[in-house]
file final.csv (CSV, C-alpha atoms and all ligand atoms)
chain,number,residue,atom,x,y,z
I,1,MET,CA,15.7,24.0,-1.8
I,2,ILE,CA,18.2,24.0,1.0
I,3,TYR,CA,21.1,21.6,1.5
I,4,LYS,CA,19.5,19.1,3.9
I,5,GLU,CA,16.4,18.8,1.7
I,6,ILE,CA,18.3,17.9,-1.4
I,7,PHE,CA,19.8,14.8,0.2
I,8,MET,CA,16.5,13.9,1.9
I,9,GLU,CA,14.7,14.2,-1.5
I,10,ARG,CA,17.3,11.7,-2.9
I,11,ALA,CA,16.6,9.4,0.1
I,12,ILE,CA,12.9,9.5,-0.6
I,13,GLN,CA,13.5,8.7,-4.3
I,14,LEU,CA,15.6,5.6,-3.2
I,15,ALA,CA,12.9,4.5,-0.7
I,16,LYS,CA,10.3,4.4,-3.6
I,17,ASN,CA,12.3,1.5,-5.2
I,18,GLY,CA,10.8,-0.7,-2.4
I,19,LEU,CA,7.1,0.0,-3.4
I,20,GLY,CA,5.2,-3.2,-3.3
I,21,PHE,CA,7.9,-5.3,-1.7
I,22,THR,CA,8.5,-4.1,1.8
I,23,SER,CA,5.2,-4.6,3.6
I,24,PRO,CA,4.6,-4.9,6.5
I,25,ASN,CA,7.7,-2.9,6.8
I,26,PRO,CA,7.9,0.7,5.6
I,27,MET,CA,9.8,1.9,2.5
I,28,VAL,CA,13.0,3.6,3.7
I,29,GLY,CA,15.8,5.3,1.9
I,30,CYS,CA,19.2,6.5,3.2
I,31,VAL,CA,22.0,8.7,1.9
I,32,ILE,CA,25.4,9.3,3.6
I,33,GLU,CA,26.9,12.6,2.7
I,34,ARG,CA,30.3,14.3,3.5
I,35,ASN,CA,31.3,17.8,2.4
I,36,GLY,CA,28.4,17.9,-0.1
I,37,ILE,CA,29.4,14.6,-1.7
I,38,VAL,CA,27.2,11.5,-1.6
I,39,LEU,CA,29.4,8.7,-0.2
I,40,SER,CA,26.8,6.0,-0.2
I,41,GLU,CA,23.1,5.2,-0.6
I,42,GLY,CA,20.7,2.4,0.3
I,43,TRP,CA,17.1,1.4,0.5
I,44,HIS,CA,15.0,-1.3,2.1
I,45,TYR,CA,14.1,-3.4,-0.9
I,46,LYS,CA,12.2,-6.3,0.6
I,47,LYS,CA,10.7,-7.4,3.8
I,48,GLY,CA,13.2,-9.5,5.8
I,49,MET,CA,16.1,-8.0,4.0
I,50,TYR,CA,18.6,-5.4,5.1
I,51,HIS,CA,17.5,-2.0,6.2
I,52,ALA,CA,18.4,1.1,4.2
I,53,GLU,CA,20.8,2.5,6.8
I,54,PHE,CA,22.7,-0.9,7.1
I,55,LEU,CA,23.2,-1.0,3.3
I,56,ALA,CA,24.3,2.6,3.0
I,57,ILE,CA,26.7,2.2,6.0
I,58,ASN,CA,28.0,-1.2,4.8
I,59,ASN,CA,29.1,0.3,1.4
I,60,ILE,CA,31.7,2.5,3.1
I,61,LYS,CA,34.9,0.5,3.9
I,62,ASN,CA,37.1,3.4,5.0
I,63,GLU,CA,35.8,4.0,8.5
I,64,TYR,CA,37.6,7.4,8.6
I,65,LEU,CA,35.0,8.8,6.2
I,66,PHE,CA,32.2,8.5,8.8
I,67,LEU,CA,33.9,11.0,11.1
I,68,ASP,CA,32.5,14.1,9.4
I,69,SER,CA,29.6,12.6,7.6
I,70,THR,CA,25.8,13.1,7.8
I,71,LEU,CA,23.3,10.2,7.5
I,72,TYR,CA,20.0,11.1,5.9
I,73,VAL,CA,17.1,8.7,6.5
I,74,THR,CA,13.4,9.0,5.5
I,75,LEU,CA,12.2,7.3,8.7
I,76,GLU,CA,13.5,7.3,12.3
I,77,PRO,CA,16.1,4.4,12.6
I,78,CYS,CA,15.0,1.3,14.4
I,79,VAL,CA,16.1,0.7,18.0
I,80,HIS,CA,14.7,-2.9,18.5
I,81,PHE,CA,15.8,-6.3,17.3
I,82,GLY,CA,13.5,-7.5,14.5
I,83,GLU,CA,14.6,-9.5,11.5
I,84,THR,CA,17.8,-7.4,11.6
I,85,PRO,CA,19.7,-5.8,14.5
I,86,PRO,CA,19.0,-2.2,15.5
I,87,CYS,CA,20.2,0.5,13.0
I,88,VAL,CA,20.7,3.0,15.8
I,89,ASP,CA,23.4,0.8,17.3
I,90,LEU,CA,25.2,0.6,14.0
I,91,ILE,CA,25.1,4.4,13.5
I,92,ILE,CA,26.6,4.8,17.1
I,93,ARG,CA,29.2,2.2,16.5
I,94,LYS,CA,30.4,3.9,13.3
I,95,ASN,CA,30.7,7.3,15.0
I,96,ILE,CA,28.5,9.1,12.5
I,97,PRO,CA,28.2,12.5,14.1
I,98,ARG,CA,24.9,13.8,12.5
I,99,VAL,CA,21.6,12.2,11.5
I,100,VAL,CA,18.9,13.9,9.6
I,101,ILE,CA,15.5,12.2,9.9
I,102,GLY,CA,12.4,12.7,7.7
I,103,ILE,CA,9.8,11.6,10.2
I,104,GLN,CA,9.4,9.8,13.5
I,105,ASP,CA,8.4,6.1,13.3
I,106,PRO,CA,4.8,5.6,14.4
I,107,CYS,CA,5.2,2.0,15.5
I,108,ASP,CA,5.3,1.5,19.3
I,109,LYS,CA,8.6,-0.3,19.3
I,110,VAL,CA,10.4,2.8,18.0
I,111,LYS,CA,8.2,6.0,18.3
I,112,GLY,CA,11.0,8.4,19.3
I,113,LEU,CA,13.1,5.9,21.1
I,114,GLY,CA,15.6,5.7,18.1
I,115,ILE,CA,16.0,9.5,18.2
I,116,GLN,CA,16.4,9.5,22.0
I,117,LYS,CA,19.2,6.9,21.9
I,118,LEU,CA,21.1,8.7,19.1
I,119,LYS,CA,20.9,11.9,21.2
I,120,LYS,CA,22.0,10.1,24.3
I,121,TYR,CA,25.2,9.1,22.5
I,122,GLY,CA,26.0,12.7,21.5
I,123,ILE,CA,24.8,12.4,17.9
I,124,GLU,CA,23.3,15.6,16.5
I,125,VAL,CA,19.8,14.8,15.3
I,126,ILE,CA,17.9,17.0,12.9
I,127,GLU,CA,14.2,16.0,12.6
I,128,ASN,CA,11.2,16.5,10.3
I,129,VAL,CA,13.1,17.3,7.1
I,130,LEU,CA,10.6,17.0,4.2
I,131,ILE,CA,8.2,15.6,6.8
I,132,ASN,CA,5.1,15.7,4.6
I,133,GLN,CA,6.8,13.9,1.7
I,134,CYS,CA,8.2,11.3,4.1
I,135,ARG,CA,4.7,10.8,5.5
I,136,ILE,CA,3.1,10.4,2.1
I,137,LEU,CA,5.9,8.0,1.1
I,138,ASN,CA,4.7,5.7,3.9
I,139,LYS,CA,1.0,6.5,3.8
I,140,ARG,CA,0.1,2.8,4.1
I,141,PHE,CA,2.4,2.3,7.1
I,142,PHE,CA,1.2,5.4,8.9
I,143,THR,CA,-2.5,4.6,8.3
I,144,PHE,CA,-2.0,1.1,9.6
I,145,TYR,CA,-0.4,2.2,12.9
I,146,GLU,CA,-2.5,5.3,13.5
I,147,LYS,CA,-5.9,4.1,12.4
I,148,LYS,CA,-5.4,0.4,13.1
I,149,ARG,CA,-6.6,-0.6,9.7
I,150,PRO,CA,-5.1,-0.9,6.1
I,151,TYR,CA,-4.8,2.1,3.8
I,152,ILE,CA,-7.9,1.9,1.6
I,153,ILE,CA,-7.9,2.7,-2.1
I,154,LEU,CA,-11.3,2.6,-3.9
I,155,LYS,CA,-11.1,2.0,-7.6
I,156,TRP,CA,-13.5,1.8,-10.5
I,157,ALA,CA,-14.0,2.5,-14.2
I,158,GLN,CA,-17.1,4.3,-15.3
I,159,SER,CA,-18.6,5.0,-18.8
I,160,ASP,CA,-18.8,8.6,-20.0
I,161,ASP,CA,-22.5,8.5,-18.9
I,162,GLY,CA,-21.6,7.3,-15.4
I,163,PHE,CA,-22.3,3.5,-15.4
I,164,ILE,CA,-19.9,0.9,-14.0
I,165,TYR,CA,-21.7,-2.1,-15.6
I,166,SER,CA,-24.3,-2.7,-18.2
I,167,GLU,CA,-25.8,-5.8,-19.7
I,168,ASN,CA,-25.5,-4.0,-23.1
I,169,LYS,CA,-21.7,-4.6,-23.0
I,170,LYS,CA,-20.9,-8.2,-23.2
I,171,ASP,CA,-17.1,-8.2,-22.4
I,172,ASN,CA,-17.5,-6.0,-19.3
I,173,TRP,CA,-14.3,-3.9,-20.2
I,174,ILE,CA,-14.9,-0.2,-19.9
I,175,SER,CA,-11.4,1.2,-19.7
I,176,GLY,CA,-8.7,1.0,-22.4
I,177,ILE,CA,-5.5,-1.2,-22.3
I,178,HIS,CA,-3.2,1.4,-20.7
I,179,ALA,CA,-5.7,2.1,-17.9
I,180,ARG,CA,-5.9,-1.7,-17.3
I,181,GLN,CA,-2.1,-2.0,-17.3
I,182,LEU,CA,-1.8,0.9,-14.8
I,183,ASN,CA,-4.4,-1.0,-12.7
I,184,HIS,CA,-2.1,-4.1,-12.7
I,185,LYS,CA,0.8,-1.9,-11.5
I,186,TRP,CA,-1.5,-0.6,-8.7
I,187,ARG,CA,-2.4,-4.2,-7.7
I,188,SER,CA,1.3,-5.0,-7.4
I,189,GLU,CA,1.7,-2.1,-4.9
I,190,GLU,CA,-0.9,-3.2,-2.4
I,191,ASP,CA,-1.1,-6.1,0.1
I,192,GLY,CA,-4.8,-7.0,-0.6
I,193,ILE,CA,-7.4,-6.7,-3.3
I,194,LEU,CA,-11.1,-6.8,-2.3
I,195,VAL,CA,-14.3,-7.4,-4.4
I,196,GLY,CA,-17.9,-8.2,-3.8
I,197,SER,CA,-19.4,-11.6,-4.5
I,198,LYS,CA,-21.5,-10.4,-7.4
I,199,THR,CA,-18.4,-9.2,-9.2
I,200,VAL,CA,-16.8,-12.6,-8.7
I,201,LEU,CA,-20.0,-14.3,-10.0
I,202,ASN,CA,-20.5,-12.0,-13.0
I,203,ASP,CA,-17.0,-11.3,-14.1
I,204,ASN,CA,-14.9,-14.3,-12.8
I,205,PRO,CA,-11.9,-12.0,-12.2
I,206,LYS,CA,-8.4,-13.4,-11.6
I,207,LEU,CA,-7.4,-10.5,-9.2
I,208,ASN,CA,-3.7,-11.0,-9.9
I,209,VAL,CA,-0.9,-9.1,-11.6
I,210,ARG,CA,-0.5,-10.0,-15.2
I,211,LYS,CA,0.2,-6.8,-17.1
I,212,TRP,CA,3.0,-5.6,-14.8
I,213,PHE,CA,6.0,-7.0,-12.9
I,214,GLY,CA,5.4,-7.5,-9.2
I,215,LYS,CA,3.8,-9.6,-6.5
I,216,ASN,CA,0.2,-10.6,-6.5
I,217,PRO,CA,-2.0,-9.0,-3.7
I,218,ILE,CA,-3.9,-11.3,-1.4
I,219,ARG,CA,-7.4,-11.9,-2.9
I,220,ILE,CA,-10.2,-11.0,-0.6
I,221,PHE,CA,-13.9,-11.3,-1.2
I,222,PHE,CA,-17.3,-11.8,0.4
I,223,ASP,CA,-19.2,-15.0,-0.1
I,224,LYS,CA,-21.9,-15.1,2.6
I,225,LYS,CA,-23.6,-18.3,1.5
I,226,LEU,CA,-20.6,-19.9,-0.2
I,227,LYS,CA,-22.1,-19.6,-3.7
I,228,ILE,CA,-18.8,-19.2,-5.5
I,229,SER,CA,-17.6,-22.5,-6.7
I,230,ASN,CA,-14.1,-23.9,-7.4
I,231,THR,CA,-14.6,-23.2,-11.1
I,232,HIS,CA,-14.0,-19.5,-10.4
I,233,PHE,CA,-10.4,-18.2,-10.7
I,234,VAL,CA,-10.5,-16.7,-7.2
I,235,LEU,CA,-10.7,-20.2,-5.7
I,236,ASP,CA,-8.0,-21.8,-7.9
I,237,GLY,CA,-5.5,-21.7,-5.0
I,238,THR,CA,-2.7,-20.1,-7.1
I,239,GLN,CA,-2.6,-17.1,-4.8
I,240,GLN,CA,-3.2,-16.4,-1.2
I,241,THR,CA,-6.9,-15.8,-0.7
I,242,ILE,CA,-9.3,-14.8,2.1
I,243,VAL,CA,-13.0,-15.5,1.9
I,244,PHE,CA,-15.4,-13.8,4.4
I,245,THR,CA,-18.5,-16.0,4.9
I,246,GLU,CA,-21.2,-16.8,7.4
I,247,LYS,CA,-20.6,-20.5,6.9
I,248,ASN,CA,-18.0,-22.7,8.7
I,249,LYS,CA,-15.7,-24.1,6.1
I,250,GLU,CA,-12.3,-25.7,6.3
I,251,ASN,CA,-9.3,-23.9,4.8
I,252,GLN,CA,-7.9,-25.2,1.5
I,253,LYS,CA,-4.5,-24.7,0.0
I,254,ASN,CA,-3.8,-21.0,0.0
I,255,ILE,CA,-7.5,-20.2,0.9
I,256,GLU,CA,-8.7,-19.1,4.3
I,257,PHE,CA,-12.4,-19.1,5.0
I,258,ILE,CA,-13.2,-16.6,7.8
I,259,GLN,CA,-16.5,-16.7,9.5
I,260,ILE,CA,-18.0,-13.3,10.2
I,261,SER,CA,-21.5,-12.1,11.2
I,262,PHE,CA,-23.3,-10.5,8.3
I,263,GLU,CA,-25.7,-8.9,10.8
I,264,GLU,CA,-23.1,-6.6,12.3
I,265,LYS,CA,-20.9,-3.9,10.6
I,266,ILE,CA,-19.2,-6.0,8.1
I,267,ILE,CA,-16.5,-3.5,7.1
I,268,ASN,CA,-15.2,-3.1,10.6
I,269,GLN,CA,-15.0,-6.8,11.1
I,270,ILE,CA,-13.0,-7.4,8.0
I,271,LEU,CA,-10.7,-4.4,8.6
I,272,ASN,CA,-10.0,-5.7,12.2
I,273,PHE,CA,-9.1,-9.1,10.8
I,274,LEU,CA,-6.9,-7.6,8.0
I,275,HIS,CA,-5.1,-5.4,10.7
I,276,GLN,CA,-4.4,-8.5,12.7
I,277,LYS,CA,-2.9,-10.1,9.6
I,278,LYS,CA,-0.6,-7.1,9.1
I,279,ILE,CA,-2.2,-6.2,5.8
I,280,LEU,CA,-1.1,-2.6,5.3
I,281,SER,CA,-3.2,-1.7,2.3
I,282,LEU,CA,-6.2,-2.7,0.3
I,283,ILE,CA,-7.4,-1.9,-3.2
I,284,VAL,CA,-11.2,-2.2,-3.5
I,285,GLU,CA,-12.1,-2.9,-7.1
I,286,GLY,CA,-15.9,-3.0,-6.8
I,287,GLY,CA,-18.7,-3.7,-7.5
I,288,LYS,CA,-21.1,-0.9,-6.6
I,289,LYS,CA,-22.5,-2.3,-3.4
I,290,THR,CA,-19.0,-3.1,-2.0
I,291,LEU,CA,-17.6,0.3,-2.9
I,292,GLU,CA,-20.6,2.1,-1.5
I,293,ASN,CA,-20.2,0.2,1.9
I,294,PHE,CA,-16.8,1.9,2.3
I,295,ILE,CA,-18.1,5.3,1.1
I,296,LYS,CA,-21.2,5.1,3.4
I,297,GLU,CA,-19.0,4.4,6.5
I,298,ASN,CA,-16.5,7.0,5.3
I,299,ILE,CA,-13.7,4.4,5.6
I,300,TRP,CA,-11.4,5.1,2.7
I,301,ASP,CA,-8.3,7.1,2.0
I,302,GLU,CA,-8.0,7.4,-1.7
I,303,CYS,CA,-10.2,6.9,-4.7
I,304,ARG,CA,-9.1,6.3,-8.3
I,305,ILE,CA,-11.8,6.7,-11.0
I,306,PHE,CA,-11.3,6.2,-14.7
I,307,THR,CA,-14.0,7.9,-16.8
I,308,CYS,CA,-13.9,6.2,-20.2
I,309,ASP,CA,-14.9,6.9,-23.8
I,310,VAL,CA,-17.8,4.5,-23.7
I,311,ILE,CA,-21.6,5.2,-23.6
I,312,LEU,CA,-23.6,2.4,-21.8
I,313,LYS,CA,-27.0,4.1,-21.5
I,314,SER,CA,-28.2,1.9,-18.7
I,315,GLY,CA,-27.0,-0.4,-15.9
I,316,LEU,CA,-25.3,0.0,-12.5
I,317,LYS,CA,-24.7,3.7,-11.8
I,318,ALA,CA,-21.2,4.5,-10.5
I,319,PRO,CA,-20.9,5.4,-6.8
I,320,LYS,CA,-20.9,9.0,-5.7
I,321,ILE,CA,-18.0,10.1,-3.6
I,322,GLY,CA,-16.7,13.3,-2.0
I,323,GLY,CA,-13.1,14.1,-1.2
I,324,ILE,CA,-10.7,16.4,-2.8
I,325,ILE,CA,-9.1,15.9,-6.2
I,326,SER,CA,-5.3,15.4,-5.9
I,327,LYS,CA,-4.6,14.4,-9.5
I,328,ARG,CA,-6.0,14.4,-13.0
I,329,MET,CA,-4.5,12.6,-15.9
I,330,ASN,CA,-5.4,11.4,-19.4
I,331,LEU,CA,-4.5,7.9,-20.5
I,332,ASP,CA,-5.4,7.4,-24.2
I,333,LYS,CA,-9.1,8.2,-24.2
I,334,ASP,CA,-9.6,7.5,-20.5
I,335,GLN,CA,-9.5,10.2,-17.9
I,336,LEU,CA,-8.1,9.4,-14.4
I,337,ILE,CA,-9.1,11.3,-11.3
I,338,ILE,CA,-7.5,10.6,-8.0
I,339,LYS,CA,-9.4,11.8,-4.9
I,340,LEU,CA,-8.2,11.9,-1.3
I,341,SER,CA,-10.6,11.5,1.6
I,342,ILE,CA,-11.0,14.6,3.9
W,401,LIG,N1,-16.5,-0.8,-13.8
W,401,LIG,C1,-15.9,-1.3,-12.7
W,401,LIG,O1,-14.9,-0.7,-12.3
W,401,LIG,C2,-16.4,-2.5,-12.0
W,401,LIG,C3,-15.6,-3.1,-11.0
W,401,LIG,C4,-16.1,-4.2,-10.3
W,401,LIG,C5,-17.3,-4.6,-10.6
W,401,LIG,N2,-18.1,-4.1,-11.6
W,401,LIG,C6,-19.4,-4.6,-11.9
W,401,LIG,O2,-20.2,-4.5,-10.7
W,401,LIG,C7,-21.1,-5.5,-10.8
W,401,LIG,C8,-21.4,-6.0,-9.4
W,401,LIG,O3,-21.7,-4.9,-8.5
W,401,LIG,P1,-22.8,-5.1,-7.3
W,401,LIG,O4,-22.9,-3.9,-6.6
W,401,LIG,O5,-24.0,-5.8,-7.9
W,401,LIG,O6,-22.1,-6.3,-6.5
W,401,LIG,P2,-20.7,-6.4,-5.6
W,401,LIG,O7,-20.4,-5.2,-4.9
W,401,LIG,O8,-19.7,-7.0,-6.5
W,401,LIG,O9,-21.2,-7.6,-4.7
W,401,LIG,C9,-22.2,-7.3,-3.8
W,401,LIG,C10,-22.3,-8.5,-2.9
W,401,LIG,O10,-21.2,-8.6,-2.1
W,401,LIG,C11,-21.5,-8.9,-0.8
W,401,LIG,N3,-21.3,-7.7,0.0
W,401,LIG,C12,-20.5,-6.7,-0.3
W,401,LIG,N4,-20.5,-5.8,0.7
W,401,LIG,C13,-21.2,-6.3,1.7
W,401,LIG,C14,-21.6,-5.8,2.9
W,401,LIG,N5,-21.2,-4.7,3.4
W,401,LIG,N6,-22.5,-6.5,3.7
W,401,LIG,C15,-22.9,-7.7,3.2
W,401,LIG,N7,-22.6,-8.2,2.0
W,401,LIG,C16,-21.8,-7.5,1.2
W,401,LIG,C17,-23.0,-9.2,-0.8
W,401,LIG,O11,-23.0,-10.6,-1.2
W,401,LIG,P3,-24.2,-11.6,-0.8
W,401,LIG,O12,-25.3,-11.3,-1.7
W,401,LIG,O13,-23.6,-13.0,-1.1
W,401,LIG,O14,-24.5,-11.4,0.6
W,401,LIG,C18,-23.5,-8.4,-2.0
W,401,LIG,O15,-24.6,-8.8,-2.6
W,401,LIG,C19,-20.5,-6.6,-11.6
W,401,LIG,O16,-21.5,-7.0,-12.5
W,401,LIG,C20,-19.3,-6.0,-12.2
W,401,LIG,O17,-19.3,-6.2,-13.6
W,401,LIG,C21,-17.7,-3.0,-12.3

call {"tool": "encode", "arguments": {"input": "final.csv", "output": "structure tokens", "more": "lines below"}}
Ligand SMILES: NC(=O)c1ccc[n+]([C@@H]2O[C@H](COP(=O)([O-])OP(=O)(O)OC[C@H]3O[C@@H](n4cnc5c(N)ncnc54)[C@H](OP(=O)(O)O)[C@@H]3O)[C@@H](O)[C@H]2O)c1
result
Amino acid sequence: MIYKEIFMERAIQLAKNGLGFTSPNPMVGCVIERNGIVLSEGWHYKKGMYHAEFLAINNIKNEYLFLDSTLYVTLEPCVHFGETPPCVDLIIRKNIPRVVIGIQDPCDKVKGLGIQKLKKYGIEVIENVLINQCRILNKRFFTFYEKKRPYIILKWAQSDDGFIYSENKKDNWISGIHARQLNHKWRSEEDGILVGSKTVLNDNPKLNVRKWFGKNPIRIFFDKKLKISNTHFVLDGTQQTIVFTEKNKENQKNIEFIQISFEEKIINQILNFLHQKKILSLIVEGGKKTLENFIKENIWDECRIFTCDVILKSGLKAPKIGGIISKRMNLDKDQLIIKLSI
């Protein structure tokens, strides 16, 4: 690994601290280096809070140190006034002579303008260092701006003989406790969690984060005829919730009822709505019909399947999905496969 990449890799590592907290902003990490020594580090840790570059720069009190320094940042610095002032202006003001950037910002307000301004002020800009890793780091953010929809993760647990549900199994749990805990970690990382109405009616899920530390995703589900009553956890108002229905219903505390047409392509309608709401990512946790809608339309990015040490013999068959396997892992007696859409 060459010099520049070592510091960029550290910036990526720092950026990951923001996972689950920065949306709708990207995760960003920053390192300031001088003569091979790291002078300062920062990362964007929460939406509305300081940017990574600001935090790294602000740690350095002796301005003389900037003169021969290099700033490494995973994403092009911002050039516009948002919740914080532009990072590009701060870099210029501090006379930092060199900036190494992982990847250009896809959002219209920046998209190369940050790089242009740095160059205009005589700053040496080195672009695309560890570009693939920097893109994967912000896969949700890039999908949102490039495809105009959230990053979609399909997730289910299936028995060893390929069923996701059976009346033979009373408690409905297929996976083991560590797989379930990992699933709660995943929930804390995404903006929204979506399920079908049958899953709500059969399982009465809470769709929150209990076995991990982190924020709850926005609960999202279909309820065409408004059959789901207030006795279900998803309508307890303890968490921001969106219900897609054909009925007209007034919103309640923390619950939005969104009227859509069930005659037209339902997935596109909900994704457009979620895009407008700046929801960057969605984990779809079943059931079969709901998952298959995304698979049929080929609108998904990642799929996480647990195959568990249980035999159900009959019931709902797990969905079939293509894609390429990016990871295999064993968790107790459960096997996890992660697939990426092609
Ligand atoms: N093993 C696992 O990982 C896992 C995870 C989740 C659920 N499950 C199991 O899966 C079972 C439910 O699966 P399921 O396939 O029967 O039902 P589901 O996918 O939970 O819900 C299906 C219902 O959602 C609505 N819906 C979803 N997509 C729609 C679309 N594109 N267009 C219109 N309506 C749509 C429809 O509701 P309306 O009928 O109101 O129109 C449809 O009947 C549950 O019993 C649960 O235990 C297993």

call {"tool": "residues_around", "arguments": {"input": "final.csv", "residues": "segment 263-270 of chain I", "least_positions_apart": "4", "cutoff": "8 Å", "atoms": "all atoms listed in the file", "output": "list in words"}}
result
Phe244, Leu274, Asn293 and Phe294 of chain I

call {"tool": "residues_near_point", "arguments": {"input": "final.csv", "point": "(3.3, -8.3, -5.4)", "cutoff": "12 Å", "atoms": "all atoms listed in the file", "output": "number ranges by chain"}}
result
I: 18-23, 46-47, 184-193, 207-210, 212-219, 239-240

call {"tool": "residues_near_ligand", "arguments": {"input": "final.csv", "ligand": "ligand LIG 401 (chain W)", "cutoff": "7 Å", "atoms": "all atoms listed in the file", "output": "number ranges by chain"}}
result
I: 155-158, 164-165, 172, 174, 195-200, 202-203, 222-225, 262, 266-267, 285-291, 293

call {"tool": "write_last_selection", "arguments": {"input": "final.csv", "atoms": "C-alpha atoms", "output": "PDB file, in the frame of the given file"}}
result
ATOM      1  CA  LYS I 155     -11.100   2.000  -7.600  1.00  0.00           C
ATOM      2  CA  TRP I 156     -13.500   1.800 -10.500  1.00  0.00           C
ATOM      3  CA  ALA I 157     -14.000   2.500 -14.200  1.00  0.00           C
ATOM      4  CA  GLN I 158     -17.100   4.300 -15.300  1.00  0.00           C
ATOM      5  CA  ILE I 164     -19.900   0.900 -14.000  1.00  0.00           C
ATOM      6  CA  TYR I 165     -21.700  -2.100 -15.600  1.00  0.00           C
ATOM      7  CA  ASN I 172     -17.500  -6.000 -19.300  1.00  0.00           C
ATOM      8  CA  ILE I 174     -14.900  -0.200 -19.900  1.00  0.00           C
ATOM      9  CA  VAL I 195     -14.300  -7.400  -4.400  1.00  0.00           C
ATOM     10  CA  GLY I 196     -17.900  -8.200  -3.800  1.00  0.00           C
ATOM     11  CA  SER I 197     -19.400 -11.600  -4.500  1.00  0.00           C
ATOM     12  CA  LYS I 198     -21.500 -10.400  -7.400  1.00  0.00           C
ATOM     13  CA  THR I 199     -18.400  -9.200  -9.200  1.00  0.00           C
ATOM     14  CA  VAL I 200     -16.800 -12.600  -8.700  1.00  0.00           C
ATOM     15  CA  ASN I 202     -20.500 -12.000 -13.000  1.00  0.00           C
ATOM     16  CA  ASP I 203     -17.000 -11.300 -14.100  1.00  0.00           C
ATOM     17  CA  PHE I 222     -17.300 -11.800   0.400  1.00  0.00           C
ATOM     18  CA  ASP I 223     -19.200 -15.000  -0.100  1.00  0.00           C
ATOM     19  CA  LYS I 224     -21.900 -15.100   2.600  1.00  0.00           C
ATOM     20  CA  LYS I 225     -23.600 -18.300   1.500  1.00  0.00           C
ATOM     21  CA  PHE I 262     -23.300 -10.500   8.300  1.00  0.00           C
ATOM     22  CA  ILE I 266     -19.200  -6.000   8.100  1.00  0.00           C
ATOM     23  CA  ILE I 267     -16.500  -3.500   7.100  1.00  0.00           C
ATOM     24  CA  GLU I 285     -12.100  -2.900  -7.100  1.00  0.00           C
ATOM     25  CA  GLY I 286     -15.900  -3.000  -6.800  1.00  0.00           C
ATOM     26  CA  GLY I 287     -18.700  -3.700  -7.500  1.00  0.00           C
ATOM     27  CA  LYS I 288     -21.100  -0.900  -6.600  1.00  0.00           C
ATOM     28  CA  LYS I 289     -22.500  -2.300  -3.400  1.00  0.00           C
ATOM     29  CA  THR I 290     -19.000  -3.100  -2.000  1.00  0.00           C
ATOM     30  CA  LEU I 291     -17.600   0.300  -2.900  1.00  0.00           C
ATOM     31  CA  ASN I 293     -20.200   0.200   1.900  1.00  0.00           C
TER      32      ASN I 293
END

call {"tool": "residues_around", "arguments": {"input": "final.csv", "residues": "Lys339 of chain I", "least_positions_apart": "2", "cutoff": "7 Å", "atoms": "all atoms listed in the file", "output": "number ranges by chain"}}
result
I: 302-304, 323-326, 337, 341

call {"tool": "closest_residue", "arguments": {"input": "final.csv", "among": "I:Asn58, I:Asn17, I:Lys119, I:Met8", "to": "Leu71 of chain I", "atoms": "only C-alpha atoms"}}
result
I:Met8

call {"tool": "atom_distance", "arguments": {"input": "final.csv", "atom1": "atom CA of Pro24 of chain I", "atom2": "atom CA of Leu280 of chain I"}}
result
6.3 Å

call {"tool": "closest_residue", "arguments": {"input": "final.csv", "among": "I:Tyr3, I:Phe144, I:Phe273, I:Phe257", "to": "Pro26 of chain I", "atoms": "all atoms listed in the file"}}
result
I:Phe144

call {"tool": "atom_distance", "arguments": {"input": "final.csv", "atom1": "atom CA of Asn128 of chain I", "atom2": "atom CA of Ile101 of chain I"}}
result
6.1 Å

call {"tool": "atom_distance", "arguments": {"input": "final.csv", "atom1": "atom CA of Ile283 of chain I", "atom2": "atom CA of Asp301 of chain I"}}
result
10.4 Å

call {"tool": "residues_around", "arguments": {"input": "final.csv", "residues": "segment 37-40 of chain I", "least_positions_apart": "3", "cutoff": "9 Å", "atoms": "only C-alpha atoms", "output": "compact mmCIF listing (two decimals) with C-alpha atoms, keeping the file's coordinate frame"}}
result
# COMPACT_ATOMS: atom_id res chain seq x y z
CA PHE I 7 19.80 14.80 0.20
CA CYS I 30 19.20 6.50 3.20
CA VAL I 31 22.00 8.70 1.90
CA ILE I 32 25.40 9.30 3.60
CA GLU I 33 26.90 12.60 2.70
CA ARG I 34 30.30 14.30 3.50
CA LEU I 55 23.20 -1.00 3.30
CA ALA I 56 24.30 2.60 3.00
CA ILE I 57 26.70 2.20 6.00
CA ASN I 58 28.00 -1.20 4.80
CA ASN I 59 29.10 0.30 1.40
CA ILE I 60 31.70 2.50 3.10
CA LEU I 65 35.00 8.80 6.20
CA SER I 69 29.60 12.60 7.60

call {"tool": "residues_around", "arguments": {"input": "final.csv", "residues": "segment 75-81 of chain I", "least_positions_apart": "5", "cutoff": "10 Å", "atoms": "only C-alpha atoms", "output": "number ranges by chain"}}
result
I: 11-12, 15, 26-30, 51-53, 86-91, 99-107, 109-118, 127-128, 131, 134-135, 137-138

call {"tool": "closest_residue", "arguments": {"input": "final.csv", "among": "I:Thr143, I:Gln276, I:Thr307, I:Ser261", "to": "Lys333 of chain I", "atoms": "all atoms listed in the file"}}
result
I:Thr307

call {"tool": "closest_residue", "arguments": {"input": "final.csv", "among": "I:Lys169, I:Lys94, I:Lys249, I:Lys211", "to": "Phe54 of chain I", "atoms": "all atoms listed in the file"}}
result
I:Lys94

call {"tool": "closest_residue", "arguments": {"input": "final.csv", "among": "I:Ile96, I:Leu312, I:Met49, I:Ile260", "to": "Thr84 of chain I", "atoms": "all atoms listed in the file"}}
result
I:Met49
